[in-house]
Structure formats: structure tokens, C-alpha cells
Amino acid sequence: MNIFEAILLGAVEGLTEFLPISSTGHLTILEKLLGYSIDDPDVTAFTAIIQSGAVLATTFYLRRDIARIVPAFLRGLFSKQRRDRDYRFGWMVIIGSIPIAVIGLLFKDQVETTLRSLWFVGFALIGWSGVMWFADRAATQQRHEEDVTWKDTLIIGCAQALALIPGVSRSGATMSAGLLRDFDRVTVTRLSFFLSIPALLAATALQVASEYDNISTGVGWAATITATVVSGIVGYLAVAWLLKFIAKHNYTIFIWYRVILGTVVLLLVGTGTIEAT
């Protein structure tokens, strides 16, 4: 992979990771258009690893919250100071991260091969748009961040696991589940950010450990690192913009975008203009 392709893919990852439009879906489509075999081990590993850039950007954006939550969580582990809400919130994030970890490990082969088909991407983009539309309109938004419980994060975490299907969107799944739990949009967006940190960093670590040699002989570490850095820079800007945007708007613009993109992908694959894998 040349440096210009790496910059382009990194920018797309950073822009789409936290928008409810599926970063993996976008990367899969773009990688195919650039001529890559999207189910090759090095390409799937590259796609997973560069997400860490956007996650690190989120971590930096939420640094004040994290600097408060982590010490409270550690104090609670080694003392009886467990009535602190930050301690409980730390457990909530951990509990909400379990479903995607379990399902991701159980179905790793299918996620990296079968589900990488552009047929799945197109149908998932369109299909999950219906869920987002329903959630956006059914939510009462009467609950806020202080009302979050472990049950809420577990349910939202189960929805996050659906994002293993490219096209569903991790943020789209978690935001939809949060809205259906009657949280306001800013709260579900922040919850989506928090749940992304352990999930995507763990996925990155797994791919680095298992696919190091494939990356070295395939896409290349120079391109992978470049794309990761770019995704971090663009991701930080996207996070800051999304929280401001979502405070005043619903998800309609994202829903229409998903439907249009999904339709285009299915037409291109269906007419043989591009191959599904």
C-alpha cells in the first residue's frame, strides 16, 4: 500500500468511526475500489488496527472523564470505597464490553472472511437504517448519563456486538440501543465513545499479535502506522463535531446517507461492476 492510499483510508476511518454510518463498511468499500482483496488477512488486520487511532483520539477527548473514572475504579477495587458513581461506571463499561469480546472471538473467522462481502455491507447499511429510524423516533430521551445502570450498558454492549457485521456501524448500533433505553442523544453518543475504547483497543492488540507477519509482508507497517496516525487526527475532529451536532439534530441525515450508499453498493455488486469480495 502506498502512502497516499494509507492517508486516504486513515482519513475515512477517522471520519466515519464515530458517525453512525459504519467505518468498517466504508473501509471495505474503499479497499475494494482501490483493488485490494478485502478478505485477505493483512487487509482485514489493517482495517482493524487503524481504528486504534480514532480510539486514542477519543481517549484524549474524554481524558478528563477517564482521569476521574480510572482512579475511582482502582480505589474501589482495593478498598471499600465502592459507593462512588465513577467506580460503578467503570464496571458498567467493562460489562458492556464483554458481549463484543466473546462474540468476536467465537466468530473471528466468519467476521474476517464471509461477512466482509460487499453484499453484507450493502444490506447491513440499508437494514440497520430502519432500526436507527425507529429508535430515533421512539425514544423519549427522558434518561440521562446519571441514570445509566449496568443493565443498560450490557444491553447496549450486546447491540455493539452486531457491529461485527460491516455496514451495521458500532456507533449506530450502540446509539440505537441507547435511544431505545430512552437516553438522550448526547448521553448515548458519550456511552458509545466509552464502550469503543476497550472494544477497539482489544481488537487492535489481537490483530497485531496474530497478523504481525501478514502485515509486514502485505499492506506494510509504514502504511498501517500512517493510516493510524491520520485516523487519530481526523477522529478527534469528528468526535468534537459529532457531540455538538447531535445535541441539536436527530439522525435523519445519517440514515438517508446509509440508505443511498447501501443502494449504490448493491447496484454495483449486482451489476458486476465490482466484485463482492
# chains A, B, ... in the order shown; residues from 1 in each chain; ligands from 1
$ closest_atom_pairs --of "range 104-130 of chain A" --to "range 258-276 of chain A" --cutoff "7 Å" --atoms "only C-alpha atoms" --output "JSON lines"
{"residue": "A:Ser117", "atom": "CA", "partner": "A:Ala276", "partner_atom": "CA", "distance": 5.2}
{"residue": "A:Leu118", "atom": "CA", "partner": "A:Ala276", "partner_atom": "CA", "distance": 4.7}
{"residue": "A:Trp119", "atom": "CA", "partner": "A:Ala276", "partner_atom": "CA", "distance": 6.2}
{"residue": "A:Gly122", "atom": "CA", "partner": "A:Gly262", "partner_atom": "CA", "distance": 4.2}
{"residue": "A:Phe123", "atom": "CA", "partner": "A:Gly262", "partner_atom": "CA", "distance": 6.5}
{"residue": "A:Leu125", "atom": "CA", "partner": "A:Gly262", "partner_atom": "CA", "distance": 5.2}
{"residue": "A:Ile126", "atom": "CA", "partner": "A:Val259", "partner_atom": "CA", "distance": 4.7}
{"residue": "A:Ser129", "atom": "CA", "partner": "A:Arg258", "partner_atom": "CA", "distance": 6.6}
$ write_last_selection --atoms "C-alpha atoms" --output "mmCIF file, in the first residue's frame"
data_model
loop_
_atom_site.group_PDB
_atom_site.id
_atom_site.type_symbol
_atom_site.label_atom_id
_atom_site.label_comp_id
_atom_site.auth_asym_id
_atom_site.auth_seq_id
_atom_site.Cartn_x
_atom_site.Cartn_y
_atom_site.Cartn_z
ATOM 1 C CA SER A 117 -18.591 -9.461 1.385
ATOM 2 C CA LEU A 118 -19.982 -6.245 -0.074
ATOM 3 C CA TRP A 119 -23.373 -7.961 -0.198
ATOM 4 C CA GLY A 122 -24.853 -3.078 1.393
ATOM 5 C CA PHE A 123 -27.719 -4.919 3.074
ATOM 6 C CA LEU A 125 -26.192 -0.314 5.667
ATOM 7 C CA ILE A 126 -29.801 -0.282 4.495
ATOM 8 C CA SER A 129 -31.016 2.305 8.885
#
$ residues_around --residues "range 147-154 of chain A" --least-positions-apart "5" --cutoff "6 Å" --atoms "only C-alpha atoms" --output "CSV table (one decimal) with C-alpha atoms, in the first residue's frame"
chain,number,residue,atom,x,y,z
A,92,MET,CA,-20.6,-0.6,33.6
A,95,ILE,CA,-19.7,-5.2,31.5
A,96,GLY,CA,-20.8,-3.5,28.3
$ select_by_dssp --residues "range 123-212 of chain A" --states "alpha helix (DSSP H)" --output "ChimeraX atom specification"
/A:123-138,150-161,170-180,185-212
$ residues_around --residues "Leu9 in chain A" --least-positions-apart "2" --cutoff "9 Å" --atoms "only C-alpha atoms" --output "VMD selection string"
chain A and resid 4 to 7 11 to 14 27 30 to 31 47 50 227 230 to 231
$ write_last_selection --atoms "N, CA and C atoms" --output "PDB file, in the first residue's frame"
ATOM      1  N   PHE A   4      -0.187   7.456  -0.043  1.00  0.00           N
ATOM      2  CA  PHE A   4      -1.387   8.232  -0.351  1.00  0.00           C
ATOM      3  C   PHE A   4      -2.650   7.427  -0.064  1.00  0.00           C
ATOM      4  N   GLU A   5      -2.625   6.135  -0.390  1.00  0.00           N
ATOM      5  CA  GLU A   5      -3.757   5.268  -0.067  1.00  0.00           C
ATOM      6  C   GLU A   5      -3.912   5.150   1.446  1.00  0.00           C
ATOM      7  N   ALA A   6      -2.795   5.064   2.150  1.00  0.00           N
ATOM      8  CA  ALA A   6      -2.837   4.961   3.612  1.00  0.00           C
ATOM      9  C   ALA A   6      -3.468   6.207   4.229  1.00  0.00           C
ATOM     10  N   ILE A   7      -3.081   7.383   3.724  1.00  0.00           N
ATOM     11  CA  ILE A   7      -3.642   8.636   4.238  1.00  0.00           C
ATOM     12  C   ILE A   7      -5.142   8.696   3.963  1.00  0.00           C
ATOM     13  N   ALA A  11      -7.983   8.714   6.857  1.00  0.00           N
ATOM     14  CA  ALA A  11      -8.927   9.831   6.965  1.00  0.00           C
ATOM     15  C   ALA A  11     -10.365   9.338   6.969  1.00  0.00           C
ATOM     16  N   VAL A  12     -10.663   8.366   6.115  1.00  0.00           N
ATOM     17  CA  VAL A  12     -12.016   7.801   6.071  1.00  0.00           C
ATOM     18  C   VAL A  12     -12.346   7.095   7.384  1.00  0.00           C
ATOM     19  N   GLU A  13     -11.387   6.341   7.919  1.00  0.00           N
ATOM     20  CA  GLU A  13     -11.597   5.677   9.208  1.00  0.00           C
ATOM     21  C   GLU A  13     -11.880   6.684  10.318  1.00  0.00           C
ATOM     22  N   GLY A  14     -11.048   7.711  10.414  1.00  0.00           N
ATOM     23  CA  GLY A  14     -11.229   8.706  11.460  1.00  0.00           C
ATOM     24  C   GLY A  14     -12.543   9.449  11.344  1.00  0.00           C
ATOM     25  N   LEU A  27     -14.466   1.433   4.883  1.00  0.00           N
ATOM     26  CA  LEU A  27     -13.126   0.961   4.563  1.00  0.00           C
ATOM     27  C   LEU A  27     -13.170  -0.239   3.620  1.00  0.00           C
ATOM     28  N   LEU A  30     -13.973   1.075   0.131  1.00  0.00           N
ATOM     29  CA  LEU A  30     -12.853   1.820  -0.439  1.00  0.00           C
ATOM     30  C   LEU A  30     -11.678   0.894  -0.753  1.00  0.00           C
ATOM     31  N   GLU A  31     -11.400  -0.050   0.132  1.00  0.00           N
ATOM     32  CA  GLU A  31     -10.308  -1.002  -0.123  1.00  0.00           C
ATOM     33  C   GLU A  31     -10.575  -1.801  -1.389  1.00  0.00           C
ATOM     34  N   THR A  47      -7.492  -3.028   8.547  1.00  0.00           N
ATOM     35  CA  THR A  47      -8.775  -2.368   8.804  1.00  0.00           C
ATOM     36  C   THR A  47      -9.055  -2.268  10.296  1.00  0.00           C
ATOM     37  N   ILE A  50      -6.111   0.206  12.292  1.00  0.00           N
ATOM     38  CA  ILE A  50      -6.130   1.661  12.163  1.00  0.00           C
ATOM     39  C   ILE A  50      -7.271   2.303  12.952  1.00  0.00           C
ATOM     40  N   ALA A 227      -1.733   5.386   8.420  1.00  0.00           N
ATOM     41  CA  ALA A 227      -3.198   5.423   8.431  1.00  0.00           C
ATOM     42  C   ALA A 227      -3.730   5.567   9.848  1.00  0.00           C
ATOM     43  N   VAL A 230      -3.271   9.234  10.966  1.00  0.00           N
ATOM     44  CA  VAL A 230      -4.245  10.089  10.277  1.00  0.00           C
ATOM     45  C   VAL A 230      -5.637   9.877  10.849  1.00  0.00           C
ATOM     46  N   SER A 231      -5.983   8.621  11.133  1.00  0.00           N
ATOM     47  CA  SER A 231      -7.312   8.338  11.689  1.00  0.00           C
ATOM     48  C   SER A 231      -7.473   8.995  13.058  1.00  0.00           C
TER      49      SER A 231
END
$ closest_residue --among "A:Phe89, A:Phe183, A:Phe60, A:Phe107" --to "Leu164 in chain A" --atoms "only C-alpha atoms"
A:Phe107
$ residues_around --residues "Leu191 in chain A" --least-positions-apart "2" --cutoff "10 Å" --atoms "only C-alpha atoms" --output "PDB file with N, CA and C atoms, in the first residue's frame"
ATOM      1  N   VAL A  93     -18.816   0.026  32.009  1.00  0.00           N
ATOM      2  CA  VAL A  93     -18.108  -0.016  30.722  1.00  0.00           C
ATOM      3  C   VAL A  93     -17.524  -1.404  30.489  1.00  0.00           C
ATOM      4  N   GLY A  96     -20.332  -3.784  29.625  1.00  0.00           N
ATOM      5  CA  GLY A  96     -20.833  -3.511  28.281  1.00  0.00           C
ATOM      6  C   GLY A  96     -19.882  -3.935  27.178  1.00  0.00           C
ATOM      7  N   GLU A 145     -27.149  10.692  31.632  1.00  0.00           N
ATOM      8  CA  GLU A 145     -25.957   9.917  31.969  1.00  0.00           C
ATOM      9  C   GLU A 145     -25.966   9.426  33.412  1.00  0.00           C
ATOM     10  N   VAL A 148     -27.645   5.875  34.012  1.00  0.00           N
ATOM     11  CA  VAL A 148     -27.125   4.652  33.388  1.00  0.00           C
ATOM     12  C   VAL A 148     -26.885   3.573  34.444  1.00  0.00           C
ATOM     13  N   THR A 153     -25.804  -0.769  30.050  1.00  0.00           N
ATOM     14  CA  THR A 153     -24.560  -0.941  29.293  1.00  0.00           C
ATOM     15  C   THR A 153     -24.434  -2.361  28.744  1.00  0.00           C
ATOM     16  N   ILE A 156     -26.676  -2.321  25.646  1.00  0.00           N
ATOM     17  CA  ILE A 156     -26.002  -1.540  24.607  1.00  0.00           C
ATOM     18  C   ILE A 156     -24.775  -2.292  24.101  1.00  0.00           C
ATOM     19  N   GLY A 157     -24.085  -2.991  25.009  1.00  0.00           N
ATOM     20  CA  GLY A 157     -22.917  -3.783  24.615  1.00  0.00           C
ATOM     21  C   GLY A 157     -23.294  -4.935  23.701  1.00  0.00           C
ATOM     22  N   SER A 171     -21.118   2.564  16.276  1.00  0.00           N
ATOM     23  CA  SER A 171     -21.770   3.709  16.902  1.00  0.00           C
ATOM     24  C   SER A 171     -23.265   3.717  16.594  1.00  0.00           C
ATOM     25  N   THR A 174     -24.846   1.052  18.981  1.00  0.00           N
ATOM     26  CA  THR A 174     -24.892   1.458  20.387  1.00  0.00           C
ATOM     27  C   THR A 174     -25.813   2.654  20.603  1.00  0.00           C
ATOM     28  N   MET A 175     -25.796   3.599  19.668  1.00  0.00           N
ATOM     29  CA  MET A 175     -26.674   4.757  19.805  1.00  0.00           C
ATOM     30  C   MET A 175     -28.144   4.351  19.703  1.00  0.00           C
ATOM     31  N   GLY A 178     -29.140   2.646  22.901  1.00  0.00           N
ATOM     32  CA  GLY A 178     -29.260   3.635  23.960  1.00  0.00           C
ATOM     33  C   GLY A 178     -30.527   4.454  23.856  1.00  0.00           C
ATOM     34  N   ARG A 185     -29.731  11.883  23.296  1.00  0.00           N
ATOM     35  CA  ARG A 185     -28.751  11.615  22.243  1.00  0.00           C
ATOM     36  C   ARG A 185     -27.317  11.888  22.685  1.00  0.00           C
ATOM     37  N   VAL A 186     -27.099  12.919  23.461  1.00  0.00           N
ATOM     38  CA  VAL A 186     -25.734  13.209  23.911  1.00  0.00           C
ATOM     39  C   VAL A 186     -25.227  12.093  24.820  1.00  0.00           C
ATOM     40  N   THR A 187     -26.093  11.593  25.698  1.00  0.00           N
ATOM     41  CA  THR A 187     -25.698  10.504  26.598  1.00  0.00           C
ATOM     42  C   THR A 187     -25.350   9.244  25.817  1.00  0.00           C
ATOM     43  N   VAL A 188     -26.175   8.863  24.825  1.00  0.00           N
ATOM     44  CA  VAL A 188     -25.891   7.634  24.080  1.00  0.00           C
ATOM     45  C   VAL A 188     -24.630   7.798  23.226  1.00  0.00           C
ATOM     46  N   THR A 189     -24.368   9.020  22.775  1.00  0.00           N
ATOM     47  CA  THR A 189     -23.154   9.261  21.996  1.00  0.00           C
ATOM     48  C   THR A 189     -21.926   9.117  22.882  1.00  0.00           C
ATOM     49  N   PHE A 193     -18.847   6.305  22.817  1.00  0.00           N
ATOM     50  CA  PHE A 193     -17.419   6.627  22.865  1.00  0.00           C
ATOM     51  C   PHE A 193     -16.712   5.780  23.922  1.00  0.00           C
ATOM     52  N   PHE A 194     -17.279   5.730  25.127  1.00  0.00           N
ATOM     53  CA  PHE A 194     -16.650   4.982  26.219  1.00  0.00           C
ATOM     54  C   PHE A 194     -16.551   3.491  25.894  1.00  0.00           C
ATOM     55  N   LEU A 195     -17.606   2.926  25.335  1.00  0.00           N
ATOM     56  CA  LEU A 195     -17.612   1.495  25.021  1.00  0.00           C
ATOM     57  C   LEU A 195     -16.669   1.166  23.874  1.00  0.00           C
ATOM     58  N   SER A 196     -16.356   2.148  23.053  1.00  0.00           N
ATOM     59  CA  SER A 196     -15.462   1.892  21.920  1.00  0.00           C
ATOM     60  C   SER A 196     -14.032   1.651  22.373  1.00  0.00           C
TER      61      SER A 196
END
$ atom_distance --atom1 "CA of Gln207 in chain A" --atom2 "CA of Thr24 in chain A"
14.8 Å
$ closest_residue --among "A:Ala161, A:Ile246, A:Val131, A:Ile215" --to "Val43 in chain A" --atoms "only C-alpha atoms"
A:Ile215
$ closest_residue --among "A:Phe245, A:Thr16, A:Val208, A:Ala203" --to "Lys108 in chain A" --atoms "only C-alpha atoms"
A:Ala203
$ residues_around --residues "Leu77 in chain A" --least-positions-apart "6" --cutoff "12 Å" --atoms "only C-alpha atoms" --output "PyMOL selection string"
chain A and resi 70-71+83-84+87-88+90-91
$ residues_around --residues "Asp42 in chain A" --least-positions-apart "2" --cutoff "12 Å" --atoms "only C-alpha atoms" --output "ChimeraX atom specification"
/A:1,31,36-40,44-49,112-113,207-208,210-221,223-224
$ write_last_selection --atoms "N, CA, C and O atoms" --output "CSV table (one decimal), in the first residue's frame"
chain,number,residue,atom,x,y,z
A,1,MET,N,0.9,-1.2,0.0
A,1,MET,CA,0.0,0.0,0.0
A,1,MET,C,0.9,1.2,0.0
A,1,MET,O,1.8,1.3,0.8
A,31,GLU,N,-11.4,-0.1,0.1
A,31,GLU,CA,-10.3,-1.0,-0.1
A,31,GLU,C,-10.6,-1.8,-1.4
A,31,GLU,O,-9.7,-2.1,-2.2
A,36,TYR,N,-7.9,-3.9,-3.6
A,36,TYR,CA,-7.4,-4.9,-2.6
A,36,TYR,C,-8.4,-6.1,-2.5
A,36,TYR,O,-9.6,-5.9,-2.7
A,37,SER,N,-7.9,-7.2,-2.1
A,37,SER,CA,-8.7,-8.4,-1.8
A,37,SER,C,-9.2,-8.2,-0.4
A,37,SER,O,-8.4,-8.4,0.6
A,38,ILE,N,-10.4,-7.8,-0.1
A,38,ILE,CA,-10.9,-7.4,1.2
A,38,ILE,C,-10.9,-8.5,2.2
A,38,ILE,O,-11.1,-8.1,3.4
A,39,ASP,N,-10.8,-9.7,1.8
A,39,ASP,CA,-10.8,-10.8,2.9
A,39,ASP,C,-9.4,-11.4,3.1
A,39,ASP,O,-9.3,-12.4,3.8
A,40,ASP,N,-8.4,-10.8,2.5
A,40,ASP,CA,-7.0,-11.2,2.8
A,40,ASP,C,-6.7,-10.8,4.3
A,40,ASP,O,-7.1,-9.8,4.8
A,44,THR,N,-7.7,-7.3,6.3
A,44,THR,CA,-8.6,-7.3,7.5
A,44,THR,C,-7.9,-6.8,8.7
A,44,THR,O,-8.5,-6.1,9.5
A,45,ALA,N,-6.7,-7.2,8.9
A,45,ALA,CA,-5.9,-6.8,10.1
A,45,ALA,C,-5.7,-5.2,10.0
A,45,ALA,O,-5.8,-4.5,11.0
A,46,PHE,N,-5.3,-4.7,8.8
A,46,PHE,CA,-5.1,-3.3,8.6
A,46,PHE,C,-6.4,-2.5,9.0
A,46,PHE,O,-6.3,-1.5,9.7
A,47,THR,N,-7.5,-3.0,8.5
A,47,THR,CA,-8.8,-2.4,8.8
A,47,THR,C,-9.1,-2.3,10.3
A,47,THR,O,-9.5,-1.2,10.8
A,48,ALA,N,-8.7,-3.3,11.0
A,48,ALA,CA,-9.0,-3.3,12.5
A,48,ALA,C,-8.0,-2.5,13.2
A,48,ALA,O,-8.3,-1.7,14.1
A,49,ILE,N,-6.7,-2.5,12.8
A,49,ILE,CA,-5.7,-1.8,13.6
A,49,ILE,C,-5.8,-0.3,13.5
A,49,ILE,O,-5.6,0.4,14.5
A,112,GLU,N,-13.9,-12.1,9.6
A,112,GLU,CA,-12.8,-11.7,8.7
A,112,GLU,C,-12.9,-12.2,7.3
A,112,GLU,O,-12.1,-11.8,6.5
A,113,THR,N,-13.9,-13.1,7.0
A,113,THR,CA,-14.0,-13.6,5.7
A,113,THR,C,-15.4,-13.5,5.1
A,113,THR,O,-15.6,-12.5,4.3
A,207,GLN,N,-5.2,-8.3,16.6
A,207,GLN,CA,-4.7,-8.3,15.2
A,207,GLN,C,-3.2,-8.1,15.1
A,207,GLN,O,-2.5,-8.7,14.3
A,208,VAL,N,-2.6,-7.2,15.9
A,208,VAL,CA,-1.2,-7.1,15.9
A,208,VAL,C,-0.5,-8.3,16.3
A,208,VAL,O,0.5,-8.8,15.7
A,210,SER,N,-1.7,-11.5,16.2
A,210,SER,CA,-1.9,-12.6,15.3
A,210,SER,C,-1.5,-12.4,13.8
A,210,SER,O,-1.3,-13.4,13.1
A,211,GLU,N,-1.5,-11.2,13.4
A,211,GLU,CA,-1.2,-10.9,12.0
A,211,GLU,C,0.0,-10.0,11.7
A,211,GLU,O,0.1,-9.4,10.7
A,212,TYR,N,0.9,-10.0,12.7
A,212,TYR,CA,2.1,-9.1,12.5
A,212,TYR,C,2.9,-9.5,11.2
A,212,TYR,O,3.2,-8.6,10.5
A,213,ASP,N,3.1,-10.7,11.0
A,213,ASP,CA,3.9,-11.1,9.8
A,213,ASP,C,3.1,-10.8,8.5
A,213,ASP,O,3.7,-10.4,7.5
A,214,ASN,N,1.8,-11.0,8.5
A,214,ASN,CA,1.0,-10.8,7.3
A,214,ASN,C,1.0,-9.3,7.0
A,214,ASN,O,1.0,-8.9,5.8
A,215,ILE,N,0.9,-8.4,8.0
A,215,ILE,CA,1.0,-7.0,7.8
A,215,ILE,C,2.4,-6.7,7.2
A,215,ILE,O,2.5,-5.9,6.2
A,216,SER,N,3.4,-7.2,7.7
A,216,SER,CA,4.8,-6.9,7.3
A,216,SER,C,5.0,-7.3,5.8
A,216,SER,O,5.6,-6.5,5.1
A,217,THR,N,4.4,-8.4,5.4
A,217,THR,CA,4.7,-8.9,4.0
A,217,THR,C,3.5,-8.4,3.1
A,217,THR,O,3.6,-8.6,1.9
A,218,GLY,N,2.5,-7.9,3.6
A,218,GLY,CA,1.3,-7.4,2.8
A,218,GLY,C,1.2,-5.9,2.7
A,218,GLY,O,2.0,-5.3,2.0
A,219,VAL,N,0.2,-5.4,3.4
A,219,VAL,CA,0.0,-3.9,3.4
A,219,VAL,C,1.2,-3.1,3.8
A,219,VAL,O,1.5,-2.1,3.2
A,220,GLY,N,1.9,-3.6,4.8
A,220,GLY,CA,3.1,-2.9,5.3
A,220,GLY,C,2.9,-2.1,6.5
A,220,GLY,O,1.8,-1.5,6.7
A,221,TRP,N,3.9,-2.1,7.4
A,221,TRP,CA,3.7,-1.4,8.7
A,221,TRP,C,3.8,0.1,8.5
A,221,TRP,O,3.2,0.9,9.3
A,223,ALA,N,2.6,1.9,6.0
A,223,ALA,CA,1.2,2.3,5.6
A,223,ALA,C,0.2,2.2,6.8
A,223,ALA,O,-0.6,3.1,7.0
A,224,THR,N,0.4,1.1,7.6
A,224,THR,CA,-0.6,0.9,8.7
A,224,THR,C,-0.4,2.0,9.8
A,224,THR,O,-1.4,2.5,10.3
$ residues_around --residues "Leu200 in chain A" --least-positions-apart "2" --cutoff "10 Å" --atoms "only C-alpha atoms" --output "list of chain:residue names"
A:Ala48, A:Ile49, A:Ile50, A:Gln51, A:Ser52, A:Gly53, A:Ala54, A:Val55, A:Leu56, A:Ser97, A:Ile100, A:Ala101, A:Leu195, A:Ser196, A:Ile197, A:Pro198, A:Ala202, A:Ala203, A:Thr204, A:Ala205, A:Leu206
$ atom_distance --atom1 "CA of Tyr61 in chain A" --atom2 "CA of His26 in chain A"
23.5 Å
$ decode --residues "range 61-141 of chain A" --atoms "C-alpha atoms" --output "JSON list (two decimals), in the first residue's frame"
[["chain", "number", "residue", "atom", "x", "y", "z"],
["A", 61, "TYR", "CA", -11.06, 13.90, 24.07],
["A", 62, "LEU", "CA", -12.52, 12.18, 27.16],
["A", 63, "ARG", "CA", -9.28, 12.45, 29.13],
["A", 64, "ARG", "CA", -10.81, 14.41, 31.99],
["A", 65, "ASP", "CA", -13.59, 11.88, 32.46],
["A", 66, "ILE", "CA", -11.14, 8.98, 32.21],
["A", 67, "ALA", "CA", -8.73, 10.65, 34.66],
["A", 68, "ARG", "CA", -11.61, 10.74, 37.13],
["A", 69, "ILE", "CA", -13.12, 7.31, 36.44],
["A", 70, "VAL", "CA", -9.96, 5.15, 36.37],
["A", 71, "PRO", "CA", -8.60, 6.21, 39.80],
["A", 72, "ALA", "CA", -12.07, 5.83, 41.34],
["A", 73, "PHE", "CA", -12.36, 2.36, 39.83],
["A", 74, "LEU", "CA", -8.93, 1.31, 41.14],
["A", 75, "ARG", "CA", -9.70, 2.69, 44.60],
["A", 76, "GLY", "CA", -12.89, 0.69, 44.65],
["A", 77, "LEU", "CA", -11.05, -2.50, 43.71],
["A", 78, "PHE", "CA", -8.58, -2.24, 46.57],
["A", 79, "SER", "CA", -10.71, -0.62, 49.24],
["A", 80, "LYS", "CA", -14.30, -0.33, 50.38],
["A", 81, "GLN", "CA", -14.85, 2.96, 48.57],
["A", 82, "ARG", "CA", -17.38, 1.46, 46.19],
["A", 83, "ARG", "CA", -20.26, 3.85, 46.53],
["A", 84, "ASP", "CA", -18.58, 6.27, 44.13],
["A", 85, "ARG", "CA", -20.53, 6.59, 40.87],
["A", 86, "ASP", "CA", -17.30, 6.70, 38.86],
["A", 87, "TYR", "CA", -16.34, 3.31, 40.31],
["A", 88, "ARG", "CA", -19.69, 1.87, 39.25],
["A", 89, "PHE", "CA", -19.42, 3.49, 35.82],
["A", 90, "GLY", "CA", -16.06, 1.77, 35.31],
["A", 91, "TRP", "CA", -17.73, -1.58, 35.92],
["A", 92, "MET", "CA", -20.56, -0.62, 33.58],
["A", 93, "VAL", "CA", -18.11, -0.02, 30.72],
["A", 94, "ILE", "CA", -16.38, -3.35, 31.40],
["A", 95, "ILE", "CA", -19.70, -5.23, 31.48],
["A", 96, "GLY", "CA", -20.83, -3.51, 28.28],
["A", 97, "SER", "CA", -17.61, -4.56, 26.54],
["A", 98, "ILE", "CA", -17.97, -8.27, 27.26],
["A", 99, "PRO", "CA", -20.51, -9.21, 24.52],
["A", 100, "ILE", "CA", -18.42, -7.97, 21.58],
["A", 101, "ALA", "CA", -15.30, -9.62, 23.01],
["A", 102, "VAL", "CA", -16.99, -13.01, 23.38],
["A", 103, "ILE", "CA", -18.80, -12.95, 20.03],
["A", 104, "GLY", "CA", -15.78, -11.51, 18.23],
["A", 105, "LEU", "CA", -13.57, -14.36, 19.43],
["A", 106, "LEU", "CA", -16.18, -17.06, 18.73],
["A", 107, "PHE", "CA", -16.87, -15.88, 15.20],
["A", 108, "LYS", "CA", -13.48, -14.36, 14.29],
["A", 109, "ASP", "CA", -13.10, -16.39, 11.08],
["A", 110, "GLN", "CA", -16.58, -15.51, 9.79],
["A", 111, "VAL", "CA", -16.12, -11.82, 10.64],
["A", 112, "GLU", "CA", -12.84, -11.67, 8.73],
["A", 113, "THR", "CA", -14.00, -13.63, 5.68],
["A", 114, "THR", "CA", -17.70, -14.27, 4.99],
["A", 115, "LEU", "CA", -19.02, -11.03, 6.47],
["A", 116, "ARG", "CA", -16.51, -8.94, 4.52],
["A", 117, "SER", "CA", -18.59, -9.46, 1.38],
["A", 118, "LEU", "CA", -19.98, -6.24, -0.07],
["A", 119, "TRP", "CA", -23.37, -7.96, -0.20],
["A", 120, "PHE", "CA", -23.39, -7.97, 3.59],
["A", 121, "VAL", "CA", -22.12, -4.39, 3.70],
["A", 122, "GLY", "CA", -24.85, -3.08, 1.39],
["A", 123, "PHE", "CA", -27.72, -4.92, 3.07],
["A", 124, "ALA", "CA", -26.46, -4.00, 6.56],
["A", 125, "LEU", "CA", -26.19, -0.31, 5.67],
["A", 126, "ILE", "CA", -29.80, -0.28, 4.50],
["A", 127, "GLY", "CA", -31.23, -2.72, 7.04],
["A", 128, "TRP", "CA", -29.82, -1.06, 10.16],
["A", 129, "SER", "CA", -31.02, 2.31, 8.89],
["A", 130, "GLY", "CA", -34.53, 1.09, 9.65],
["A", 131, "VAL", "CA", -33.54, 0.33, 13.24],
["A", 132, "MET", "CA", -31.95, 3.76, 13.59],
["A", 133, "TRP", "CA", -35.04, 5.46, 12.17],
["A", 134, "PHE", "CA", -37.32, 3.63, 14.63],
["A", 135, "ALA", "CA", -35.02, 4.28, 17.62],
["A", 136, "ASP", "CA", -34.66, 7.96, 16.73],
["A", 137, "ARG", "CA", -38.41, 8.44, 16.75],
["A", 138, "ALA", "CA", -39.45, 6.07, 19.53],
["A", 139, "ALA", "CA", -37.01, 7.35, 22.16],
["A", 140, "THR", "CA", -38.42, 9.55, 24.92],
["A", 141, "GLN", "CA", -34.91, 10.83, 25.79]]
